[in-house]
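*Asks:* This is the structure I want to talk about, given as structure tokens.
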Amino acid sequence: RRNALTIPQQEQFLKAADGIKMQPLLLFLLSTGVRIGEALALTYADLDFEQQTVSVNKNVVFIGGKRIEQNTPKSEAGVRTVPVSNNVLYLISRKHSEKELVFPFTYSAVRNCFRRISEKLGVQISPHILRHTYATRLEEAGISPKLKQYLMGHSTLTMTQNTYTDVQAAYVQANSEAIRRTFDTYLTLKSANPEQQ
């Protein structure tokens, strides 16, 4: 079971990523939830700076250190258009040809970067954990489950909700009063109208 980062852990991660070579990739993964193979396959043709979106439509794998491009994502549901944060787009230079890779890194280089950050923070962080974190932040922002499923590129809603989305203690606490009010109102109405019981 991989757990999403808490808000404090996410803030620590962002501080650790600040200024390093892979910062654009790390922030892109956190703020879009794309799979690492999808991110490393992106070219500048996939970015729409005006609409502030990225078109996810391919994947890359590394076998024996050799880069192998795949013309499709992990699943049919993986083909999608995902909004990209203004701050992340700002970090990604436009001065490239459309065919050029946005993130010209290998799995090995990415893995080493995450290992160093994990050791520095004392918290296990990986591209997959950032994907869980993305799903959890969407939940906390009130994004509908069906839209979350689409953004994550999942073929089933069960995968999105049960495997990738965590309910964290801070989120429960932040919403406790609204939850109480919902039932306090109901119980007050029932108590005031005993004939309805």
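Every chain in the structure tokens takes a letter, A first, then B, and so on in the order presented; its residues are numbered from 1, and the ligands are numbered from 1 following the presented order.
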Can you pull out the residues contacting region 118-135 of chain A? Cut-off 7 Å, using only C-alpha atoms, and skip same-chain residues under 3 positions away; I want them as a PyMOL selection string.

*Replies:* chain A and resi 2-5+29-34+36+114-115+138-139+148+164-165

*Asks:* Okay, now the selection with N, CA, C and O atoms, as an mmCIF file, in the first residue's frame?

*Replies:*
```
data_model
loop_
_atom_site.group_PDB
_atom_site.id
_atom_site.type_symbol
_atom_site.label_atom_id
_atom_site.label_comp_id
_atom_site.auth_asym_id
_atom_site.auth_seq_id
_atom_site.Cartn_x
_atom_site.Cartn_y
_atom_site.Cartn_z
ATOM 1 N N ARG A 2 0.719 2.120 -0.988
ATOM 2 C CA ARG A 2 1.457 3.381 -1.038
ATOM 3 C C ARG A 2 0.541 4.497 -0.551
ATOM 4 O O ARG A 2 -0.562 4.642 -1.058
ATOM 5 N N ASN A 3 1.007 5.258 0.407
ATOM 6 C CA ASN A 3 0.188 6.330 0.957
ATOM 7 C C ASN A 3 0.560 7.667 0.333
ATOM 8 O O ASN A 3 1.726 7.941 0.054
ATOM 9 N N ALA A 4 -0.449 8.497 0.148
ATOM 10 C CA ALA A 4 -0.212 9.846 -0.354
ATOM 11 C C ALA A 4 0.565 10.650 0.678
ATOM 12 O O ALA A 4 0.523 10.365 1.876
ATOM 13 N N LEU A 5 1.261 11.668 0.203
ATOM 14 C CA LEU A 5 1.948 12.577 1.128
ATOM 15 C C LEU A 5 0.921 13.420 1.865
ATOM 16 O O LEU A 5 -0.082 13.835 1.293
ATOM 17 N N LEU A 29 4.852 15.989 -12.128
ATOM 18 C CA LEU A 29 4.283 14.723 -11.658
ATOM 19 C C LEU A 29 3.280 14.961 -10.529
ATOM 20 O O LEU A 29 2.198 14.375 -10.513
ATOM 21 N N LEU A 30 3.644 15.815 -9.580
ATOM 22 C CA LEU A 30 2.767 16.093 -8.443
ATOM 23 C C LEU A 30 1.478 16.784 -8.872
ATOM 24 O O LEU A 30 0.404 16.471 -8.374
ATOM 25 N N SER A 31 1.581 17.713 -9.819
ATOM 26 C CA SER A 31 0.419 18.545 -10.160
ATOM 27 C C SER A 31 -0.422 18.026 -11.326
ATOM 28 O O SER A 31 -1.444 18.618 -11.656
ATOM 29 N N THR A 32 0.004 16.917 -11.938
ATOM 30 C CA THR A 32 -0.812 16.326 -13.016
ATOM 31 C C THR A 32 -1.188 14.875 -12.742
ATOM 32 O O THR A 32 -2.128 14.358 -13.339
ATOM 33 N N GLY A 33 -0.442 14.205 -11.870
ATOM 34 C CA GLY A 33 -0.734 12.813 -11.558
ATOM 35 C C GLY A 33 -0.398 11.841 -12.670
ATOM 36 O O GLY A 33 -0.774 10.670 -12.595
ATOM 37 N N VAL A 34 0.320 12.267 -13.706
ATOM 38 C CA VAL A 34 0.623 11.348 -14.803
ATOM 39 C C VAL A 34 1.628 10.300 -14.358
ATOM 40 O O VAL A 34 2.409 10.514 -13.422
ATOM 41 N N ILE A 36 5.000 8.019 -14.622
ATOM 42 C CA ILE A 36 6.349 8.439 -14.975
ATOM 43 C C ILE A 36 6.652 8.135 -16.442
ATOM 44 O O ILE A 36 7.277 8.938 -17.140
ATOM 45 N N PHE A 114 14.757 10.602 -6.740
ATOM 46 C CA PHE A 114 13.763 10.333 -5.697
ATOM 47 C C PHE A 114 14.415 9.679 -4.477
ATOM 48 O O PHE A 114 14.026 9.965 -3.341
ATOM 49 N N ARG A 115 15.412 8.830 -4.709
ATOM 50 C CA ARG A 115 16.100 8.197 -3.586
ATOM 51 C C ARG A 115 16.791 9.242 -2.721
ATOM 52 O O ARG A 115 16.704 9.209 -1.494
ATOM 53 N N LEU A 138 -7.004 15.972 -5.137
ATOM 54 C CA LEU A 138 -8.225 16.195 -5.913
ATOM 55 C C LEU A 138 -9.462 15.896 -5.066
ATOM 56 O O LEU A 138 -10.451 16.629 -5.110
ATOM 57 N N GLU A 139 -9.396 14.827 -4.307
ATOM 58 C CA GLU A 139 -10.504 14.462 -3.413
ATOM 59 C C GLU A 139 -10.751 15.582 -2.411
ATOM 60 O O GLU A 139 -11.890 15.999 -2.185
ATOM 61 N N LYS A 148 -12.032 12.636 -11.567
ATOM 62 C CA LYS A 148 -10.758 12.123 -11.057
ATOM 63 C C LYS A 148 -10.318 10.890 -11.835
ATOM 64 O O LYS A 148 -9.152 10.746 -12.190
ATOM 65 N N TYR A 164 -6.120 4.605 -5.079
ATOM 66 C CA TYR A 164 -5.287 5.798 -5.185
ATOM 67 C C TYR A 164 -5.684 6.947 -4.263
ATOM 68 O O TYR A 164 -4.897 7.859 -4.056
ATOM 69 N N THR A 165 -6.894 6.947 -3.752
ATOM 70 C CA THR A 165 -7.359 8.089 -2.960
ATOM 71 C C THR A 165 -7.340 7.768 -1.477
ATOM 72 O O THR A 165 -7.974 6.812 -1.037
#
```

*Asks:* Write out as a compact mmCIF listing (two decimals) with N, CA and C atoms, in the first residue's frame each polymer residue whose atoms come within 9 Å of Ile92 (chain A), counting only C-alpha atoms; drop sequence neighbours fewer than 6 positions from it.

*Replies:*
```txt
# COMPACT_ATOMS: atom_id res chain seq x y z
N PRO A 24 11.30 20.78 -12.55
CA PRO A 24 10.11 20.83 -13.42
C PRO A 24 9.39 19.49 -13.52
N LEU A 25 10.16 18.40 -13.65
CA LEU A 25 9.54 17.07 -13.73
C LEU A 25 8.84 16.72 -12.43
N VAL A 102 10.18 16.88 -23.38
CA VAL A 102 10.01 17.87 -22.32
C VAL A 102 10.92 17.51 -21.13
```

*Asks:* Between CA of Phe13 (chain A) and CA of Pro83 (chain A), what is the distance in Å, rounded to a tenth?

*Replies:*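 We find that CA of Phe13 (chain A) and CA of Pro83 (chain A) lie 21.4 Å from each other.
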
*Asks:* Between A:Met22, A:Val110, A:Val84, A:Ile7, which residue has the minimum interatomic distance to Gly37 (chain A), considering only C-alpha atoms?

*Replies:* A:Val110

*Asks:* Counting only C-alpha atoms, figure out which residue out of A:Leu101, A:Ala45, A:Leu14, A:Val54 gets nearest to Asn86 (chain A).

*Replies:*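 Using only C-alpha atoms, the shortest distance to Asn86 (chain A) belongs to A:Val54.
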
*Asks:* I'd like the interatomic distance between CA of Leu151 (chain A) and CA of Val82 (chain A), to a tenth of an Å.

*Replies:*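 Separation between CA of Leu151 (chain A) and CA of Val82 (chain A): 6.1 Å.
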
*Asks:* Can you list, as a list in words, every protein, DNA or RNA residue that comes within 9 Å of Val56 (chain A) when you count only C-alpha atoms, leaving out same-chain residues fewer than 4 positions away?

*Replies:*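 Surrounding residues, per the criterion: Val34, Glu38, Ala39, Ala41, Leu42, Asp46, Thr72, Pro73, Gly78, Val79, Arg80, Thr81 and Val82 of chain A.
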
*Asks:* Store the residues picked out above, limited to N, CA and C atoms, as a CSV table (one decimal), in the first residue's frame.

*Replies:*
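Just written: again.csv:
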```
chain,number,residue,atom,x,y,z
A,34,VAL,N,0.3,12.3,-13.7
A,34,VAL,CA,0.6,11.3,-14.8
A,34,VAL,C,1.6,10.3,-14.4
A,38,GLU,N,4.6,8.1,-18.9
A,38,GLU,CA,3.8,9.1,-19.7
A,38,GLU,C,4.6,10.4,-19.7
A,39,ALA,N,5.1,10.8,-18.6
A,39,ALA,CA,5.8,12.1,-18.5
A,39,ALA,C,7.1,12.1,-19.3
A,41,ALA,N,7.7,10.4,-21.9
A,41,ALA,CA,7.4,10.3,-23.3
A,41,ALA,C,7.0,11.6,-23.9
A,42,LEU,N,6.6,12.6,-23.1
A,42,LEU,CA,6.1,13.9,-23.6
A,42,LEU,C,7.1,14.7,-24.4
A,46,ASP,N,3.0,18.1,-27.2
A,46,ASP,CA,1.9,17.6,-26.4
A,46,ASP,C,1.5,18.7,-25.4
A,72,THR,N,1.0,4.2,-27.3
A,72,THR,CA,-0.2,4.4,-26.5
A,72,THR,C,0.2,4.4,-25.0
A,73,PRO,N,-0.6,5.0,-24.1
A,73,PRO,CA,-0.4,4.9,-22.7
A,73,PRO,C,-0.6,3.5,-22.2
A,78,GLY,N,-6.0,5.8,-20.7
A,78,GLY,CA,-4.8,6.6,-20.4
A,78,GLY,C,-4.7,7.8,-21.4
A,79,VAL,N,-5.4,7.8,-22.5
A,79,VAL,CA,-5.4,8.9,-23.4
A,79,VAL,C,-6.3,10.0,-22.9
A,80,ARG,N,-5.7,11.1,-22.5
A,80,ARG,CA,-6.5,12.2,-21.9
A,80,ARG,C,-5.8,13.5,-22.0
A,81,THR,N,-6.5,14.6,-21.7
A,81,THR,CA,-6.0,15.9,-21.6
A,81,THR,C,-6.1,16.4,-20.2
A,82,VAL,N,-5.0,16.8,-19.6
A,82,VAL,CA,-4.9,17.2,-18.2
A,82,VAL,C,-4.5,18.6,-18.0
```

*Asks:* Just want the 10 Å neighbourhood of Glu69 (chain A), counted on only C-alpha atoms, with same-chain residues fewer than 4 positions away dropped. Output as a PyMOL selection string.

*Replies:* chain A and resi 37+40-41+58-62

*Asks:* For those residues, write all heavy atoms to a file as an mmCIF file, in the first residue's frame.

*Replies:*
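Output file again.cif follows:
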```cif
data_model
loop_
_atom_site.group_PDB
_atom_site.id
_atom_site.type_symbol
_atom_site.label_atom_id
_atom_site.label_comp_id
_atom_site.auth_asym_id
_atom_site.auth_seq_id
_atom_site.Cartn_x
_atom_site.Cartn_y
_atom_site.Cartn_z
ATOM 1 N N GLY A 37 6.207 7.004 -16.944
ATOM 2 C CA GLY A 37 6.442 6.660 -18.350
ATOM 3 C C GLY A 37 5.738 7.605 -19.301
ATOM 4 O O GLY A 37 6.245 7.913 -20.383
ATOM 5 N N LEU A 40 7.815 11.002 -19.188
ATOM 6 C CA LEU A 40 9.086 10.933 -19.905
ATOM 7 C C LEU A 40 8.896 10.787 -21.408
ATOM 8 O O LEU A 40 9.842 11.005 -22.177
ATOM 9 C CB LEU A 40 9.937 9.774 -19.359
ATOM 10 C CG LEU A 40 10.383 9.902 -17.901
ATOM 11 C CD1 LEU A 40 11.249 8.718 -17.501
ATOM 12 C CD2 LEU A 40 11.118 11.219 -17.655
ATOM 13 N N ALA A 41 7.701 10.437 -21.853
ATOM 14 C CA ALA A 41 7.411 10.310 -23.286
ATOM 15 C C ALA A 41 6.955 11.627 -23.904
ATOM 16 O O ALA A 41 6.884 11.751 -25.123
ATOM 17 C CB ALA A 41 6.342 9.231 -23.509
ATOM 18 N N LYS A 58 0.984 8.767 -25.028
ATOM 19 C CA LYS A 58 2.003 7.754 -25.286
ATOM 20 C C LYS A 58 2.740 7.436 -23.991
ATOM 21 O O LYS A 58 2.504 8.051 -22.956
ATOM 22 C CB LYS A 58 2.965 8.213 -26.375
ATOM 23 C CG LYS A 58 3.596 9.589 -26.166
ATOM 24 C CD LYS A 58 4.310 10.027 -27.429
ATOM 25 C CE LYS A 58 4.828 11.451 -27.324
ATOM 26 N NZ LYS A 58 3.753 12.449 -27.299
ATOM 27 N N ASN A 59 3.650 6.479 -24.092
ATOM 28 C CA ASN A 59 4.355 5.991 -22.916
ATOM 29 C C ASN A 59 5.780 5.616 -23.334
ATOM 30 O O ASN A 59 6.051 5.429 -24.521
ATOM 31 C CB ASN A 59 3.620 4.768 -22.366
ATOM 32 C CG ASN A 59 4.129 4.340 -21.009
ATOM 33 O OD1 ASN A 59 4.329 5.158 -20.126
ATOM 34 N ND2 ASN A 59 4.336 3.049 -20.829
ATOM 35 N N VAL A 60 6.668 5.527 -22.387
ATOM 36 C CA VAL A 60 8.019 5.060 -22.671
ATOM 37 C C VAL A 60 8.436 4.086 -21.579
ATOM 38 O O VAL A 60 8.036 4.232 -20.417
ATOM 39 C CB VAL A 60 9.028 6.243 -22.760
ATOM 40 C CG1 VAL A 60 9.193 6.926 -21.411
ATOM 41 C CG2 VAL A 60 10.357 5.792 -23.306
ATOM 42 N N VAL A 61 9.177 3.070 -21.967
ATOM 43 C CA VAL A 61 9.753 2.132 -21.001
ATOM 44 C C VAL A 61 11.245 2.032 -21.290
ATOM 45 O O VAL A 61 11.700 2.348 -22.393
ATOM 46 C CB VAL A 61 9.099 0.732 -21.075
ATOM 47 C CG1 VAL A 61 7.634 0.792 -20.666
ATOM 48 C CG2 VAL A 61 9.241 0.131 -22.470
ATOM 49 N N PHE A 62 11.992 1.626 -20.280
ATOM 50 C CA PHE A 62 13.430 1.421 -20.450
ATOM 51 C C PHE A 62 13.728 -0.041 -20.144
ATOM 52 O O PHE A 62 13.437 -0.521 -19.048
ATOM 53 C CB PHE A 62 14.220 2.330 -19.515
ATOM 54 C CG PHE A 62 14.152 3.776 -19.890
ATOM 55 C CD1 PHE A 62 13.092 4.577 -19.468
ATOM 56 C CD2 PHE A 62 15.138 4.355 -20.668
ATOM 57 C CE1 PHE A 62 13.016 5.915 -19.816
ATOM 58 C CE2 PHE A 62 15.073 5.698 -21.026
ATOM 59 C CZ PHE A 62 14.020 6.480 -20.603
#
```

*Asks:* For Ala17 (chain A), which residue among A:Arg111, A:Arg116, A:Leu89, A:Gln52 is the nearest when counting only C-alpha atoms?

*Replies:* A:Arg116

*Asks:* If you run DSSP on this backbone, which residues of region 38-128 of chain A come out as strand (DSSP E or B), and could you give them as a list of chain:residue names?

*Replies:*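 Matching residues for strand (DSSP E or B) in region 38-128 of chain A are A:Thr43, A:Leu47, A:Asp48, A:Thr53, A:Val54, A:Ser55, A:Val56, A:Asn59, A:Val60, A:Val61, A:Phe62, A:Ile63, A:Lys66, A:Arg67, A:Ile68, A:Glu69, A:Gln70, A:Arg80, A:Thr81, A:Val82, A:Pro83, A:Leu101.
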
*Asks:* What is the CA of Glu140 (chain A)-CA of Ser155 (chain A) distance in Å, reported with one decimal?

*Replies:*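 So the two atoms, CA of Glu140 (chain A) and CA of Ser155 (chain A), lie 21.7 Å apart.
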
*Asks:* Give the answer as one residue: which of A:Asn112, A:Tyr44, A:Ser85, A:Gln149 has the shortest atom-to-atom distance to Lys99 (chain A), using only C-alpha atoms?

*Replies:*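 Smallest distance to Lys99 (chain A) is found for A:Tyr44.
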
*Asks:* What are the DSSP alpha helix (DSSP H) residues of region 106-149 of chain A, as a ChimeraX atom specification?

*Replies:* /A:107-121,127-140,145-149

*Asks:* Go ahead and save the picked residues with N, CA, C and O atoms, as a short mmCIF file (atom, residue, chain, number, x, y, z; two decimals), in the first residue's frame.

*Replies:*
```cif
data_model
loop_
_atom_site.label_atom_id
_atom_site.label_comp_id
_atom_site.auth_asym_id
_atom_site.auth_seq_id
_atom_site.Cartn_x
_atom_site.Cartn_y
_atom_site.Cartn_z
N TYR A 107 14.77 6.46 -16.52
CA TYR A 107 14.19 5.95 -15.28
C TYR A 107 15.24 5.94 -14.18
O TYR A 107 14.97 6.27 -13.03
N SER A 108 16.44 5.52 -14.54
CA SER A 108 17.51 5.41 -13.55
C SER A 108 17.83 6.76 -12.91
O SER A 108 17.95 6.87 -11.68
N ALA A 109 17.90 7.80 -13.73
CA ALA A 109 18.19 9.14 -13.20
C ALA A 109 17.06 9.62 -12.30
O ALA A 109 17.30 10.21 -11.24
N VAL A 110 15.82 9.36 -12.71
CA VAL A 110 14.66 9.76 -11.90
C VAL A 110 14.65 8.99 -10.59
O VAL A 110 14.42 9.57 -9.52
N ARG A 111 14.89 7.71 -10.65
CA ARG A 111 14.91 6.87 -9.44
C ARG A 111 15.96 7.38 -8.46
O ARG A 111 15.72 7.48 -7.26
N ASN A 112 17.15 7.72 -8.96
CA ASN A 112 18.22 8.23 -8.09
C ASN A 112 17.84 9.56 -7.46
O ASN A 112 18.13 9.80 -6.28
N CYS A 113 17.17 10.40 -8.21
CA CYS A 113 16.72 11.69 -7.68
C CYS A 113 15.73 11.49 -6.53
O CYS A 113 15.86 12.11 -5.47
N PHE A 114 14.76 10.60 -6.74
CA PHE A 114 13.76 10.33 -5.70
C PHE A 114 14.41 9.68 -4.48
O PHE A 114 14.03 9.96 -3.34
N ARG A 115 15.41 8.83 -4.71
CA ARG A 115 16.10 8.20 -3.59
C ARG A 115 16.79 9.24 -2.72
O ARG A 115 16.70 9.21 -1.49
N ARG A 116 17.47 10.19 -3.37
CA ARG A 116 18.17 11.24 -2.61
C ARG A 116 17.20 12.09 -1.81
O ARG A 116 17.45 12.42 -0.65
N ILE A 117 16.08 12.46 -2.43
CA ILE A 117 15.09 13.27 -1.73
C ILE A 117 14.48 12.50 -0.57
O ILE A 117 14.28 13.03 0.53
N SER A 118 14.17 11.22 -0.80
CA SER A 118 13.59 10.37 0.26
C SER A 118 14.54 10.27 1.44
O SER A 118 14.11 10.36 2.60
N GLU A 119 15.81 10.08 1.16
CA GLU A 119 16.81 9.98 2.24
C GLU A 119 16.93 11.30 3.00
O GLU A 119 17.03 11.31 4.23
N LYS A 120 16.89 12.40 2.27
CA LYS A 120 17.00 13.72 2.89
C LYS A 120 15.82 14.01 3.81
O LYS A 120 15.99 14.55 4.91
N LEU A 121 14.61 13.62 3.38
CA LEU A 121 13.41 13.93 4.15
C LEU A 121 13.02 12.84 5.15
O LEU A 121 12.20 13.08 6.03
N PRO A 127 7.58 8.45 -7.90
CA PRO A 127 6.57 8.95 -8.84
C PRO A 127 5.18 8.40 -8.55
O PRO A 127 4.18 9.11 -8.67
N HIS A 128 5.13 7.15 -8.11
CA HIS A 128 3.83 6.54 -7.84
C HIS A 128 3.18 7.15 -6.60
O HIS A 128 1.96 7.34 -6.55
N ILE A 129 3.99 7.49 -5.61
CA ILE A 129 3.45 8.14 -4.41
C ILE A 129 2.93 9.54 -4.77
O ILE A 129 1.90 9.98 -4.24
N LEU A 130 3.61 10.23 -5.68
CA LEU A 130 3.11 11.53 -6.12
C LEU A 130 1.78 11.37 -6.85
O LEU A 130 0.90 12.24 -6.76
N ARG A 131 1.60 10.28 -7.55
CA ARG A 131 0.33 9.99 -8.23
C ARG A 131 -0.79 9.79 -7.20
O ARG A 131 -1.90 10.29 -7.36
N HIS A 132 -0.49 9.06 -6.14
CA HIS A 132 -1.46 8.90 -5.04
C HIS A 132 -1.77 10.26 -4.41
O HIS A 132 -2.91 10.55 -4.07
N THR A 133 -0.73 11.08 -4.25
CA THR A 133 -0.90 12.39 -3.64
C THR A 133 -1.81 13.26 -4.50
O THR A 133 -2.69 13.97 -3.99
N TYR A 134 -1.62 13.22 -5.81
CA TYR A 134 -2.47 13.97 -6.75
C TYR A 134 -3.94 13.58 -6.58
O TYR A 134 -4.81 14.44 -6.44
N ALA A 135 -4.21 12.28 -6.55
CA ALA A 135 -5.59 11.80 -6.40
C ALA A 135 -6.19 12.25 -5.08
O ALA A 135 -7.36 12.64 -5.01
N THR A 136 -5.39 12.22 -4.03
CA THR A 136 -5.87 12.61 -2.71
C THR A 136 -6.14 14.11 -2.64
O THR A 136 -7.15 14.54 -2.07
N ARG A 137 -5.25 14.93 -3.22
CA ARG A 137 -5.50 16.38 -3.23
C ARG A 137 -6.75 16.71 -4.05
O ARG A 137 -7.49 17.63 -3.70
N LEU A 138 -7.00 15.97 -5.14
CA LEU A 138 -8.23 16.20 -5.91
C LEU A 138 -9.46 15.90 -5.07
O LEU A 138 -10.45 16.63 -5.11
N GLU A 139 -9.40 14.83 -4.31
CA GLU A 139 -10.50 14.46 -3.41
C GLU A 139 -10.75 15.58 -2.41
O GLU A 139 -11.89 16.00 -2.19
N GLU A 140 -9.69 16.08 -1.83
CA GLU A 140 -9.80 17.14 -0.82
C GLU A 140 -10.32 18.44 -1.44
O GLU A 140 -10.94 19.25 -0.75
N PRO A 145 -15.59 12.13 -8.39
CA PRO A 145 -14.90 10.86 -8.64
C PRO A 145 -14.74 10.54 -10.13
O PRO A 145 -13.70 10.07 -10.55
N LYS A 146 -15.77 10.81 -10.92
CA LYS A 146 -15.70 10.48 -12.35
C LYS A 146 -14.64 11.33 -13.05
O LYS A 146 -13.89 10.83 -13.90
N LEU A 147 -14.55 12.61 -12.70
CA LEU A 147 -13.52 13.46 -13.29
C LEU A 147 -12.14 13.02 -12.83
O LEU A 147 -11.18 13.01 -13.60
N LYS A 148 -12.03 12.64 -11.57
CA LYS A 148 -10.76 12.12 -11.06
C LYS A 148 -10.32 10.89 -11.84
O LYS A 148 -9.15 10.75 -12.19
N GLN A 149 -11.27 10.00 -12.10
CA GLN A 149 -10.97 8.79 -12.87
C GLN A 149 -10.39 9.15 -14.23
O GLN A 149 -9.39 8.59 -14.67
#
```
